[in-house]
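Source file model20.txt; content: compact mmCIF, C-alpha atoms.
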# COMPACT_ATOMS: atom_id res chain seq x y z
CA MET Y 275 121.08 99.33 137.30
CA PRO Y 276 122.15 96.89 140.03
CA PRO Y 277 125.74 96.84 141.27
CA SER Y 278 128.28 95.53 138.78
CA GLY Y 279 127.96 91.77 138.41
CA ALA Y 280 124.54 91.58 140.05
CA GLU Y 281 121.49 90.50 138.08
CA PRO Y 282 118.59 92.96 137.88
CA ARG Y 283 115.38 92.12 139.72
CA ILE Y 284 112.57 93.87 137.87
CA VAL Y 285 109.06 94.72 139.00
CA VAL Y 286 107.00 95.67 135.93
CA LEU Y 287 103.78 97.51 136.79
CA SER Y 288 102.46 97.64 133.22
CA PRO Y 289 101.07 94.81 131.08
CA ALA Y 290 102.41 96.57 127.99
CA ILE Y 291 105.96 96.89 129.30
CA GLY Y 292 105.72 93.29 130.48
CA VAL Y 293 105.26 92.23 126.84
CA ILE Y 294 108.29 94.31 125.81
CA LEU Y 295 110.43 92.76 128.55
CA ARG Y 296 109.37 89.28 127.49
CA ASP Y 297 110.21 89.98 123.86
CA LEU Y 298 113.61 91.34 124.84
CA GLY Y 299 114.36 88.10 126.68
CA LEU Y 300 114.14 89.71 130.12
CA ALA Y 301 111.28 87.64 131.57
CA PRO Y 302 113.69 85.61 133.80
CA ARG Y 303 114.70 88.86 135.51
CA ILE Y 304 111.11 89.81 136.47
CA VAL Y 305 110.20 89.30 140.14
CA GLY Y 306 106.91 91.23 140.24
CA ARG Y 307 104.14 91.94 137.74
CA HIS Y 308 100.89 93.83 137.18
CA GLY Y 309 97.72 92.01 138.21
CA PHE Y 310 96.27 92.28 134.71
CA ASP Y 311 99.44 91.12 132.96
CA LEU Y 312 98.77 89.04 129.84
CA ALA Y 313 102.22 87.75 128.90
CA LEU Y 314 104.24 86.74 131.96
CA PRO Y 315 104.07 83.54 134.06
CA LYS Y 316 101.31 83.61 136.66
CA SER Y 317 103.84 82.35 139.21
CA ILE Y 318 105.42 85.82 139.33
CA PRO Y 319 103.99 87.73 142.33
CA VAL Y 320 101.49 90.51 141.67
CA CYS Y 321 102.72 93.88 142.93
CA GLY Y 322 99.86 96.10 141.83
CA ASP Y 323 96.94 96.58 139.48
CA GLN Y 324 94.49 99.26 138.37
CA SER Y 325 93.27 99.75 141.93
CA GLY Y 326 96.71 100.56 143.33
CA LEU Y 327 100.20 99.34 144.17
CA ASP Y 328 101.02 96.63 146.69
CA TYR Y 329 104.03 98.12 148.47
CA GLU Y 330 104.39 95.21 150.88
CA ALA Y 331 104.64 92.79 147.95
CA MET Y 332 107.28 95.01 146.34
CA VAL Y 333 109.37 95.02 149.50
CA ARG Y 334 109.13 91.22 149.71
CA VAL Y 335 110.42 90.62 146.16
CA ARG Y 336 113.43 92.94 146.68
CA PRO Y 337 113.56 94.63 143.26
CA THR Y 338 116.44 96.58 141.85
CA ASP Y 339 114.29 98.22 139.17
CA ILE Y 340 110.63 99.18 138.88
CA LEU Y 341 109.14 99.94 135.46
CA MET Y 342 105.71 101.50 134.98
CA GLU Y 343 103.66 103.59 132.60
CA GLU Y 344 103.73 107.35 132.90
CA GLY Y 345 100.39 108.58 134.21
CA ALA Y 346 98.90 112.02 134.69
CA GLY Y 347 99.70 111.91 138.40
CA GLY Y 348 103.35 110.92 137.97
CA VAL Y 349 105.12 108.36 140.13
CA PRO Y 350 103.23 107.89 143.43
CA ALA Y 351 104.91 109.66 146.36
CA ARG Y 352 104.94 106.47 148.47
CA LEU Y 353 106.76 104.57 145.71
CA THR Y 354 109.31 107.38 145.41
CA GLU Y 355 109.85 107.26 149.16
CA LEU Y 356 110.31 103.48 149.27
CA ALA Y 357 112.60 103.56 146.26
CA ALA Y 358 114.88 106.05 148.00
CA GLN Y 359 114.93 103.94 151.16
CA ASN Y 360 115.66 100.67 149.37
CA GLY Y 361 117.83 101.77 146.47
CA TRP Y 362 115.26 100.94 143.79
CA SER Y 363 115.45 102.58 140.37
CA VAL Y 364 112.02 103.70 139.18
CA ARG Y 365 111.37 104.47 135.51
CA ALA Y 366 108.06 105.61 134.01
CA PHE Y 367 107.39 105.55 130.28
CA PRO Y 368 104.61 107.13 128.18
CA MET Y 369 102.88 104.36 126.20
CA LEU Y 370 100.25 106.15 124.10
CA THR Y 371 101.72 106.10 120.58
CA LEU Y 372 103.82 103.91 118.31
CA ASP Y 373 106.76 106.24 118.87
CA ASP Y 374 106.30 105.82 122.64
CA ILE Y 375 106.37 102.04 122.24
CA ARG Y 376 109.53 102.17 120.16
CA ASP Y 377 111.28 104.54 122.53
CA CYS Y 378 110.36 102.46 125.59
CA THR Y 379 111.70 99.33 123.90
CA ARG Y 380 114.96 101.08 123.00
CA ARG Y 381 115.46 102.53 126.50
CA VAL Y 382 114.63 99.30 128.32
CA ALA Y 383 117.00 97.32 126.09
CA LEU Y 384 119.78 99.86 126.72
CA THR Y 385 119.17 99.84 130.48
CA PHE Y 386 119.41 96.07 130.80
CA GLY Y 387 122.10 95.37 128.22
CA ARG Y 388 119.95 93.85 125.48
CA ASP Y 389 120.48 94.32 121.76
CA ALA Y 390 117.49 96.34 120.59
CA VAL Y 391 118.43 96.50 116.92
CA PRO Y 392 116.58 93.35 115.75
CA ILE Y 393 113.27 94.21 117.38
CA LEU Y 394 113.48 97.91 116.49
CA SER Y 395 114.14 96.93 112.88
CA ARG Y 396 111.04 94.72 112.96
CA MET Y 397 109.00 97.64 114.33
CA ASP Y 398 110.25 99.98 111.62
CA ALA Y 399 109.43 97.45 108.90
CA ALA Y 400 106.00 96.59 110.34
CA TRP Y 401 104.95 100.22 110.78
CA SER Y 402 105.88 101.32 107.26
CA PRO Y 403 103.83 101.70 104.06
CA ARG Y 404 102.75 98.48 102.33
CA ASP Y 405 101.71 98.03 98.73
CA ASN Y 406 98.47 96.63 97.29
CA LEU Y 407 96.29 97.80 100.18
CA TYR Y 408 92.56 98.46 100.07
CA GLN Y 409 91.97 102.21 99.90
CA GLY Y 410 88.39 102.45 101.15
CA ARG Y 411 87.59 104.21 104.43
CA VAL Y 412 88.09 101.82 107.36
CA LEU Y 413 86.27 102.16 110.67
CA LEU Y 414 88.24 100.68 113.58
CA LEU Y 415 85.95 99.46 116.36
CA ALA Y 416 87.06 98.40 119.84
CA ALA Y 417 83.50 97.56 120.98
CA VAL Y 418 80.08 97.12 119.39
CA ASP Y 419 77.59 97.84 122.17
CA PRO Y 420 77.79 100.76 121.96
CA PRO Y 421 80.02 101.11 118.88
CA SER Y 422 83.34 102.48 120.12
CA ALA Y 423 85.84 103.72 117.58
CA LEU Y 424 89.62 103.87 117.78
CA GLY Y 425 90.16 107.37 116.47
CA PRO Y 426 92.94 109.84 115.73
CA GLY Y 427 95.86 109.60 118.13
CA SER Y 428 95.27 105.95 119.03
CA PHE Y 429 98.10 103.58 118.22
CA HIS Y 430 95.64 101.48 116.20
CA ASP Y 431 94.79 104.46 114.00
CA GLN Y 432 98.51 105.15 113.65
CA VAL Y 433 99.12 101.57 112.51
CA LEU Y 434 96.41 101.89 109.85
CA GLN Y 435 97.76 105.20 108.55
CA ARG Y 436 101.42 104.19 108.59
CA LEU Y 437 100.60 101.13 106.52
CA GLY Y 438 98.87 103.37 103.98
CA GLY Y 439 95.26 102.62 104.92
CA VAL Y 440 92.51 105.23 105.07
CA PRO Y 441 90.67 105.83 108.37
CA ALA Y 442 86.95 106.53 108.31
CA ILE Y 443 87.34 108.96 111.22
CA THR Y 444 89.80 111.82 110.78
CA ASP Y 445 88.79 114.12 113.64
CA GLY Y 446 88.24 113.51 117.32
CA SER Y 447 89.87 111.64 120.17
CA PRO Y 448 91.66 108.29 120.36
CA TYR Y 449 88.51 106.59 121.73
CA ILE Y 450 85.11 107.71 120.51
CA THR Y 451 81.75 106.30 121.63
CA LEU Y 452 79.31 106.27 118.72
CA ASP Y 453 75.70 105.30 118.14
CA ALA Y 454 74.17 103.62 115.12
CA GLU Y 455 73.26 106.97 113.59
CA ASP Y 456 76.87 108.12 113.83
CA VAL Y 457 78.03 104.99 111.99
CA LEU Y 458 75.34 105.51 109.36
CA ARG Y 459 76.57 109.06 108.78
CA LEU Y 460 80.19 107.89 108.57
CA SER Y 461 79.12 105.21 106.05
CA PRO Y 462 82.45 103.36 106.27
CA ASP Y 463 83.57 101.23 103.34
CA ALA Y 464 85.00 98.61 105.71
CA ILE Y 465 84.94 97.80 109.42
CA LEU Y 466 87.81 96.25 111.34
CA LEU Y 467 86.80 94.91 114.74
CA ILE Y 468 89.62 94.74 117.26
CA LEU Y 469 88.16 92.64 120.07
CA PRO Y 470 90.79 90.71 122.03
CA ARG Y 471 89.75 87.26 123.21
CA PRO Y 472 90.62 86.19 126.77
CA PRO Y 473 94.32 85.30 127.11
CA ASP Y 474 93.55 81.67 127.94
CA ALA Y 475 91.11 81.21 125.03
CA PRO Y 476 92.47 79.24 122.06
CA ALA Y 477 92.89 80.87 118.68
CA ARG Y 478 90.06 80.22 116.23
CA ALA Y 479 90.58 77.15 114.10
CA ALA Y 480 88.91 78.81 111.09
CA PRO Y 481 88.14 82.36 109.96
CA VAL Y 482 84.88 83.87 111.19
CA SER Y 483 82.21 83.69 108.50
CA ALA Y 484 80.79 86.82 106.89
CA GLY Y 485 77.41 86.12 108.46
CA ASP Y 486 78.89 85.71 111.93
CA LEU Y 487 80.78 88.98 111.55
CA VAL Y 488 77.57 90.82 110.66
CA THR Y 489 75.91 89.27 113.69
CA LEU Y 490 78.85 90.28 115.85
CA LEU Y 491 78.28 93.92 114.84
CA ARG Y 492 74.77 93.82 116.38
CA ARG Y 493 72.87 97.01 115.50
CA VAL Y 494 75.64 98.23 113.19
CA GLY Y 495 75.29 95.00 111.20
CA THR Y 496 71.73 95.98 110.23
CA LEU Y 497 72.71 99.35 108.77
CA ASP Y 498 72.69 100.11 105.05
CA ILE Y 499 76.37 101.01 104.78
CA PRO Y 500 79.03 99.90 102.25
CA ALA Y 501 80.96 97.83 104.80
CA VAL Y 502 77.91 95.64 105.47
CA ARG Y 503 76.61 95.53 101.88
CA ASP Y 504 80.03 94.54 100.51
CA HIS Y 505 80.94 92.20 103.40
CA ARG Y 506 84.12 94.12 104.16
CA ILE Y 507 84.20 93.28 107.85
CA ALA Y 508 87.10 91.61 109.65
CA LEU Y 509 88.01 90.63 113.20
CA ILE Y 510 91.32 90.73 115.04
CA ASP Y 511 91.00 88.95 118.38
CA ASP Y 512 94.60 88.53 119.47
CA PRO Y 513 94.68 88.82 123.30
CA LEU Y 514 97.35 91.54 123.04
CA ALA Y 515 95.59 93.58 120.35
CA HIS Y 516 94.89 96.45 122.79
CA THR Y 517 98.28 96.29 124.52
CA PRO Y 518 100.63 99.09 123.31
CA SER Y 519 103.82 97.09 123.04
CA THR Y 520 105.91 94.98 120.70
CA ALA Y 521 102.63 93.15 120.04
CA MET Y 522 101.83 95.97 117.61
CA ILE Y 523 104.33 94.41 115.20
CA GLY Y 524 102.07 91.41 114.70
CA LEU Y 525 98.95 93.57 114.73
CA ALA Y 526 100.33 95.68 111.87
CA ASP Y 527 101.08 92.57 109.83
CA GLU Y 528 97.53 91.31 110.41
CA VAL Y 529 95.97 94.66 109.44
CA ALA Y 530 98.04 94.67 106.24
CA ARG Y 531 96.90 91.12 105.43
CA ILE Y 532 93.25 92.12 105.89
CA LEU Y 533 93.58 95.27 103.78
CA ARG Y 534 95.16 93.29 100.96
CA GLY Y 535 92.37 90.73 101.16
CA TRP Y 536 89.75 93.46 100.75
CA ARG Y 537 91.15 94.70 97.42

Please express the file's structure as structure tokens.
Amino acid sequence: MPPSGAEPRIVVLSPAIGVILRDLGLAPRIVGRHGFDLALPKSIPVCGDQSGLDYEAMVRVRPTDILMEEGAGGVPARLTELAAQNGWSVRAFPMLTLDDIRDCTRRVALTFGRDAVPILSRMDAAWSPRDNLYQGRVLLLAAVDPPSALGPGSFHDQVLQRLGGVPAITDGSPYITLDAEDVLRLSPDAILLILPRPPDAPARAAPVSAGDLVTLLRRVGTLDIPAVRDHRIALIDDPLAHTPSTAMIGLADEVARILRGWR
């Protein structure tokens, strides 16, 4: 934290944590962002992206706090060195599961004096069992060429299961590349496509038609599987649909709406 009475100056090196900060009302305190950020004003200077950190930019914006995702390599040594020289506080958070998202939100709110109770309560309600849900086996796809499934351990799979839905894939990794034969063997009862549109693209004015959804599936749309025969295919294209953050509250509500519609 900054000295008593001083306002924090936050560099957030994670698009996901950027969404959490925004939803906690902390966007005005952000002085540096990730280059692929989807939620914060573009006027905020970029201080890093997937290719690396921009230490000169960080020095220029004079942060008090730097927030980032916890990676396999830990906090970069150069960032640790600069933080010690400049009095920056560096915090790294795991962001792989729904519990990680909740814990990050709680800790960030506590650090910067925000009331986390309302948003944590919304998370708990959104990620809880719902009634009247479709109980067929749902295949979650993050891409169609090739088909790429969101499997066990992914926060999308966790959303589906916490709501009370039934995943078509019960073994494997969080992200699984399939081929058409794999999908045919799985024979899912329903397919939920999670394909975020570009952040500057407008929301669709009308639902995607059943025929367009089959076309969107490409090769998978030609397979003789229950999901295609019964037209149980849906699309979520929210720009933040792959961002492990408070955006998963809205995603859970949308998944529940789709599952109820399939009954």

Interatomic distance, CA of Thr520 in chain Y to CA of Asp474 in chain Y (Å, one decimal): 19.6 Å

Non-local contacts of range 436-439 of chain Y (7 Å; only C-alpha atoms; under 5 positions in same chain excluded) as a list in words: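 What passes the distance filter is Trp401, Ser402, Pro403, Arg404, Leu407, Tyr408, Gln409 and Ala530 of chain Y.
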
Do you have the CA of Leu458 in chain Y-CA of Ile499 in chain Y distance handy?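 Taking CA of Leu458 in chain Y and CA of Ile499 in chain Y, their separation equals 6.5 Å.
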
Residues near range 324-329 of chain Y, cut-off 12 Å, all atoms listed in the file, skip fewer than 5 positions along chain, as a PyMOL selection string: chain Y and resi 285-289+306-311+319+334-337+340+342-343+345+349-357+360

For CA of Gly495 in chain Y and CA of Pro476 in chain Y, quote the distance in Å rounded to one decimal. 25.7 Å

The residue from Y:Ala521, Y:Ile393, Y:Leu467, Y:Ala526 with the smallest atom-to-atom distance to Ala508 in chain Y, counting all atoms listed in the file, is Y:Leu467

Top pick for closest residue to Met397 in chain Y, considering Y:Val529, Y:Ile523, Y:Val433, Y:Ala366 and counting only C-alpha atoms: Y:Ile523

Using only C-alpha atoms, which residues sit within 12 Å of Pro302 in chain Y once same-chain residues fewer than 2 positions away are excluded, as a PyMOL selection string? chain Y and resi 281-285+292+295-300+304-306+314-315+317-318

Among the residues Y:Asp486, Y:Asp445, Y:Glu344, Y:Asp323, the one that comes closest to Asp431 in chain Y [using all atoms listed in the file]: Y:Asp445

Restricting the calculation to all atoms listed in the file: of Y:Ala313, Y:Ala484, Y:Leu491, Y:Ala383, which residue gets closest to Asp504 in chain Y?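 Closest residue, counting all atoms listed in the file: Y:Ala484.
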
Pick from Y:Val494, Y:Ala280, Y:Ala399, Y:Leu414, whichever lies nearest to Thr338 in chain Y using only C-alpha atoms: Y:Ala280

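Comparing the minimum interatomic distances between Ser447 in chain Y and each of Y:Gly361, Y:Ala480, Y:Gly347, Y:Gly427, counting all atoms listed in the file, we find that Y:Gly427 sits nearest.
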
How would range 498-531 of chain Y read, as a PDB file, in the frame of the given file, once N, CA and C atoms are built in?
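Just written: part-v1.pdb:
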ATOM      1  N   ASP Y 498      72.441 100.098 106.489  1.00  0.00           N
ATOM      2  CA  ASP Y 498      72.690 100.110 105.050  1.00  0.00           C
ATOM      3  C   ASP Y 498      73.943 100.956 104.787  1.00  0.00           C
ATOM      4  N   ILE Y 499      75.091 100.340 104.975  1.00  0.00           N
ATOM      5  CA  ILE Y 499      76.370 101.010 104.780  1.00  0.00           C
ATOM      6  C   ILE Y 499      77.241 100.123 103.890  1.00  0.00           C
ATOM      7  N   PRO Y 500      78.205 100.700 103.167  1.00  0.00           N
ATOM      8  CA  PRO Y 500      79.030  99.900 102.250  1.00  0.00           C
ATOM      9  C   PRO Y 500      79.730  98.722 102.919  1.00  0.00           C
ATOM     10  N   ALA Y 501      80.224  98.909 104.136  1.00  0.00           N
ATOM     11  CA  ALA Y 501      80.960  97.830 104.800  1.00  0.00           C
ATOM     12  C   ALA Y 501      80.100  96.582 104.950  1.00  0.00           C
ATOM     13  N   VAL Y 502      78.821  96.772 105.290  1.00  0.00           N
ATOM     14  CA  VAL Y 502      77.910  95.640 105.470  1.00  0.00           C
ATOM     15  C   VAL Y 502      77.455  95.098 104.121  1.00  0.00           C
ATOM     16  N   ARG Y 503      77.088  95.988 103.198  1.00  0.00           N
ATOM     17  CA  ARG Y 503      76.610  95.530 101.880  1.00  0.00           C
ATOM     18  C   ARG Y 503      77.683  94.726 101.149  1.00  0.00           C
ATOM     19  N   ASP Y 504      78.954  95.174 101.265  1.00  0.00           N
ATOM     20  CA  ASP Y 504      80.030  94.540 100.510  1.00  0.00           C
ATOM     21  C   ASP Y 504      80.783  93.480 101.305  1.00  0.00           C
ATOM     22  N   HIS Y 505      80.318  93.214 102.526  1.00  0.00           N
ATOM     23  CA  HIS Y 505      80.940  92.200 103.400  1.00  0.00           C
ATOM     24  C   HIS Y 505      82.429  92.487 103.632  1.00  0.00           C
ATOM     25  N   ARG Y 506      82.737  93.760 103.796  1.00  0.00           N
ATOM     26  CA  ARG Y 506      84.120  94.120 104.160  1.00  0.00           C
ATOM     27  C   ARG Y 506      84.159  94.360 105.671  1.00  0.00           C
ATOM     28  N   ILE Y 507      84.145  93.272 106.388  1.00  0.00           N
ATOM     29  CA  ILE Y 507      84.200  93.280 107.850  1.00  0.00           C
ATOM     30  C   ILE Y 507      85.229  92.232 108.250  1.00  0.00           C
ATOM     31  N   ALA Y 508      86.087  92.565 109.187  1.00  0.00           N
ATOM     32  CA  ALA Y 508      87.100  91.610 109.650  1.00  0.00           C
ATOM     33  C   ALA Y 508      87.274  91.750 111.152  1.00  0.00           C
ATOM     34  N   LEU Y 509      87.809  90.686 111.745  1.00  0.00           N
ATOM     35  CA  LEU Y 509      88.010  90.630 113.200  1.00  0.00           C
ATOM     36  C   LEU Y 509      89.457  90.301 113.514  1.00  0.00           C
ATOM     37  N   ILE Y 510      90.042  91.081 114.427  1.00  0.00           N
ATOM     38  CA  ILE Y 510      91.320  90.730 115.040  1.00  0.00           C
ATOM     39  C   ILE Y 510      91.035  90.489 116.516  1.00  0.00           C
ATOM     40  N   ASP Y 511      91.318  89.269 116.985  1.00  0.00           N
ATOM     41  CA  ASP Y 511      91.000  88.950 118.380  1.00  0.00           C
ATOM     42  C   ASP Y 511      92.215  88.491 119.179  1.00  0.00           C
ATOM     43  N   ASP Y 512      93.391  88.857 118.714  1.00  0.00           N
ATOM     44  CA  ASP Y 512      94.600  88.530 119.470  1.00  0.00           C
ATOM     45  C   ASP Y 512      94.475  89.103 120.894  1.00  0.00           C
ATOM     46  N   PRO Y 513      94.805  88.315 121.921  1.00  0.00           N
ATOM     47  CA  PRO Y 513      94.680  88.820 123.300  1.00  0.00           C
ATOM     48  C   PRO Y 513      95.451  90.098 123.578  1.00  0.00           C
ATOM     49  N   LEU Y 514      96.516  90.350 122.811  1.00  0.00           N
ATOM     50  CA  LEU Y 514      97.350  91.540 123.040  1.00  0.00           C
ATOM     51  C   LEU Y 514      97.018  92.687 122.084  1.00  0.00           C
ATOM     52  N   ALA Y 515      95.899  92.592 121.387  1.00  0.00           N
ATOM     53  CA  ALA Y 515      95.590  93.580 120.350  1.00  0.00           C
ATOM     54  C   ALA Y 515      95.343  94.979 120.886  1.00  0.00           C
ATOM     55  N   HIS Y 516      95.062  95.124 122.190  1.00  0.00           N
ATOM     56  CA  HIS Y 516      94.890  96.450 122.790  1.00  0.00           C
ATOM     57  C   HIS Y 516      96.040  96.788 123.739  1.00  0.00           C
ATOM     58  N   THR Y 517      97.149  96.086 123.615  1.00  0.00           N
ATOM     59  CA  THR Y 517      98.280  96.290 124.520  1.00  0.00           C
ATOM     60  C   THR Y 517      99.400  97.009 123.779  1.00  0.00           C
ATOM     61  N   PRO Y 518      99.652  98.297 124.077  1.00  0.00           N
ATOM     62  CA  PRO Y 518     100.630  99.090 123.310  1.00  0.00           C
ATOM     63  C   PRO Y 518     102.056  98.636 123.584  1.00  0.00           C
ATOM     64  N   SER Y 519     102.552  97.761 122.771  1.00  0.00           N
ATOM     65  CA  SER Y 519     103.820  97.090 123.040  1.00  0.00           C
ATOM     66  C   SER Y 519     104.387  96.545 121.744  1.00  0.00           C
ATOM     67  N   THR Y 520     105.379  95.679 121.862  1.00  0.00           N
ATOM     68  CA  THR Y 520     105.910  94.980 120.700  1.00  0.00           C
ATOM     69  C   THR Y 520     104.849  94.131 120.013  1.00  0.00           C
ATOM     70  N   ALA Y 521     103.721  93.875 120.678  1.00  0.00           N
ATOM     71  CA  ALA Y 521     102.630  93.150 120.040  1.00  0.00           C
ATOM     72  C   ALA Y 521     102.066  93.900 118.840  1.00  0.00           C
ATOM     73  N   MET Y 522     102.315  95.194 118.746  1.00  0.00           N
ATOM     74  CA  MET Y 522     101.830  95.970 117.610  1.00  0.00           C
ATOM     75  C   MET Y 522     102.566  95.627 116.325  1.00  0.00           C
ATOM     76  N   ILE Y 523     103.678  94.900 116.408  1.00  0.00           N
ATOM     77  CA  ILE Y 523     104.330  94.410 115.200  1.00  0.00           C
ATOM     78  C   ILE Y 523     103.415  93.401 114.507  1.00  0.00           C
ATOM     79  N   GLY Y 524     102.962  92.408 115.261  1.00  0.00           N
ATOM     80  CA  GLY Y 524     102.070  91.410 114.700  1.00  0.00           C
ATOM     81  C   GLY Y 524     100.731  91.984 114.298  1.00  0.00           C
ATOM     82  N   LEU Y 525     100.217  92.950 115.081  1.00  0.00           N
ATOM     83  CA  LEU Y 525      98.950  93.570 114.730  1.00  0.00           C
ATOM     84  C   LEU Y 525      99.047  94.281 113.385  1.00  0.00           C
ATOM     85  N   ALA Y 526     100.146  94.990 113.148  1.00  0.00           N
ATOM     86  CA  ALA Y 526     100.330  95.680 111.870  1.00  0.00           C
ATOM     87  C   ALA Y 526     100.361  94.696 110.714  1.00  0.00           C
ATOM     88  N   ASP Y 527     101.037  93.581 110.890  1.00  0.00           N
ATOM     89  CA  ASP Y 527     101.080  92.570 109.830  1.00  0.00           C
ATOM     90  C   ASP Y 527      99.683  92.017 109.541  1.00  0.00           C
ATOM     91  N   GLU Y 528      98.881  91.829 110.595  1.00  0.00           N
ATOM     92  CA  GLU Y 528      97.530  91.310 110.410  1.00  0.00           C
ATOM     93  C   GLU Y 528      96.635  92.339 109.729  1.00  0.00           C
ATOM     94  N   VAL Y 529      96.758  93.609 110.106  1.00  0.00           N
ATOM     95  CA  VAL Y 529      95.970  94.660 109.440  1.00  0.00           C
ATOM     96  C   VAL Y 529      96.329  94.716 107.957  1.00  0.00           C
ATOM     97  N   ALA Y 530      97.617  94.640 107.650  1.00  0.00           N
ATOM     98  CA  ALA Y 530      98.040  94.670 106.240  1.00  0.00           C
ATOM     99  C   ALA Y 530      97.462  93.478 105.476  1.00  0.00           C
ATOM    100  N   ARG Y 531      97.459  92.304 106.090  1.00  0.00           N
ATOM    101  CA  ARG Y 531      96.900  91.120 105.430  1.00  0.00           C
ATOM    102  C   ARG Y 531      95.416  91.314 105.128  1.00  0.00           C
TER     103      ARG Y 531
END
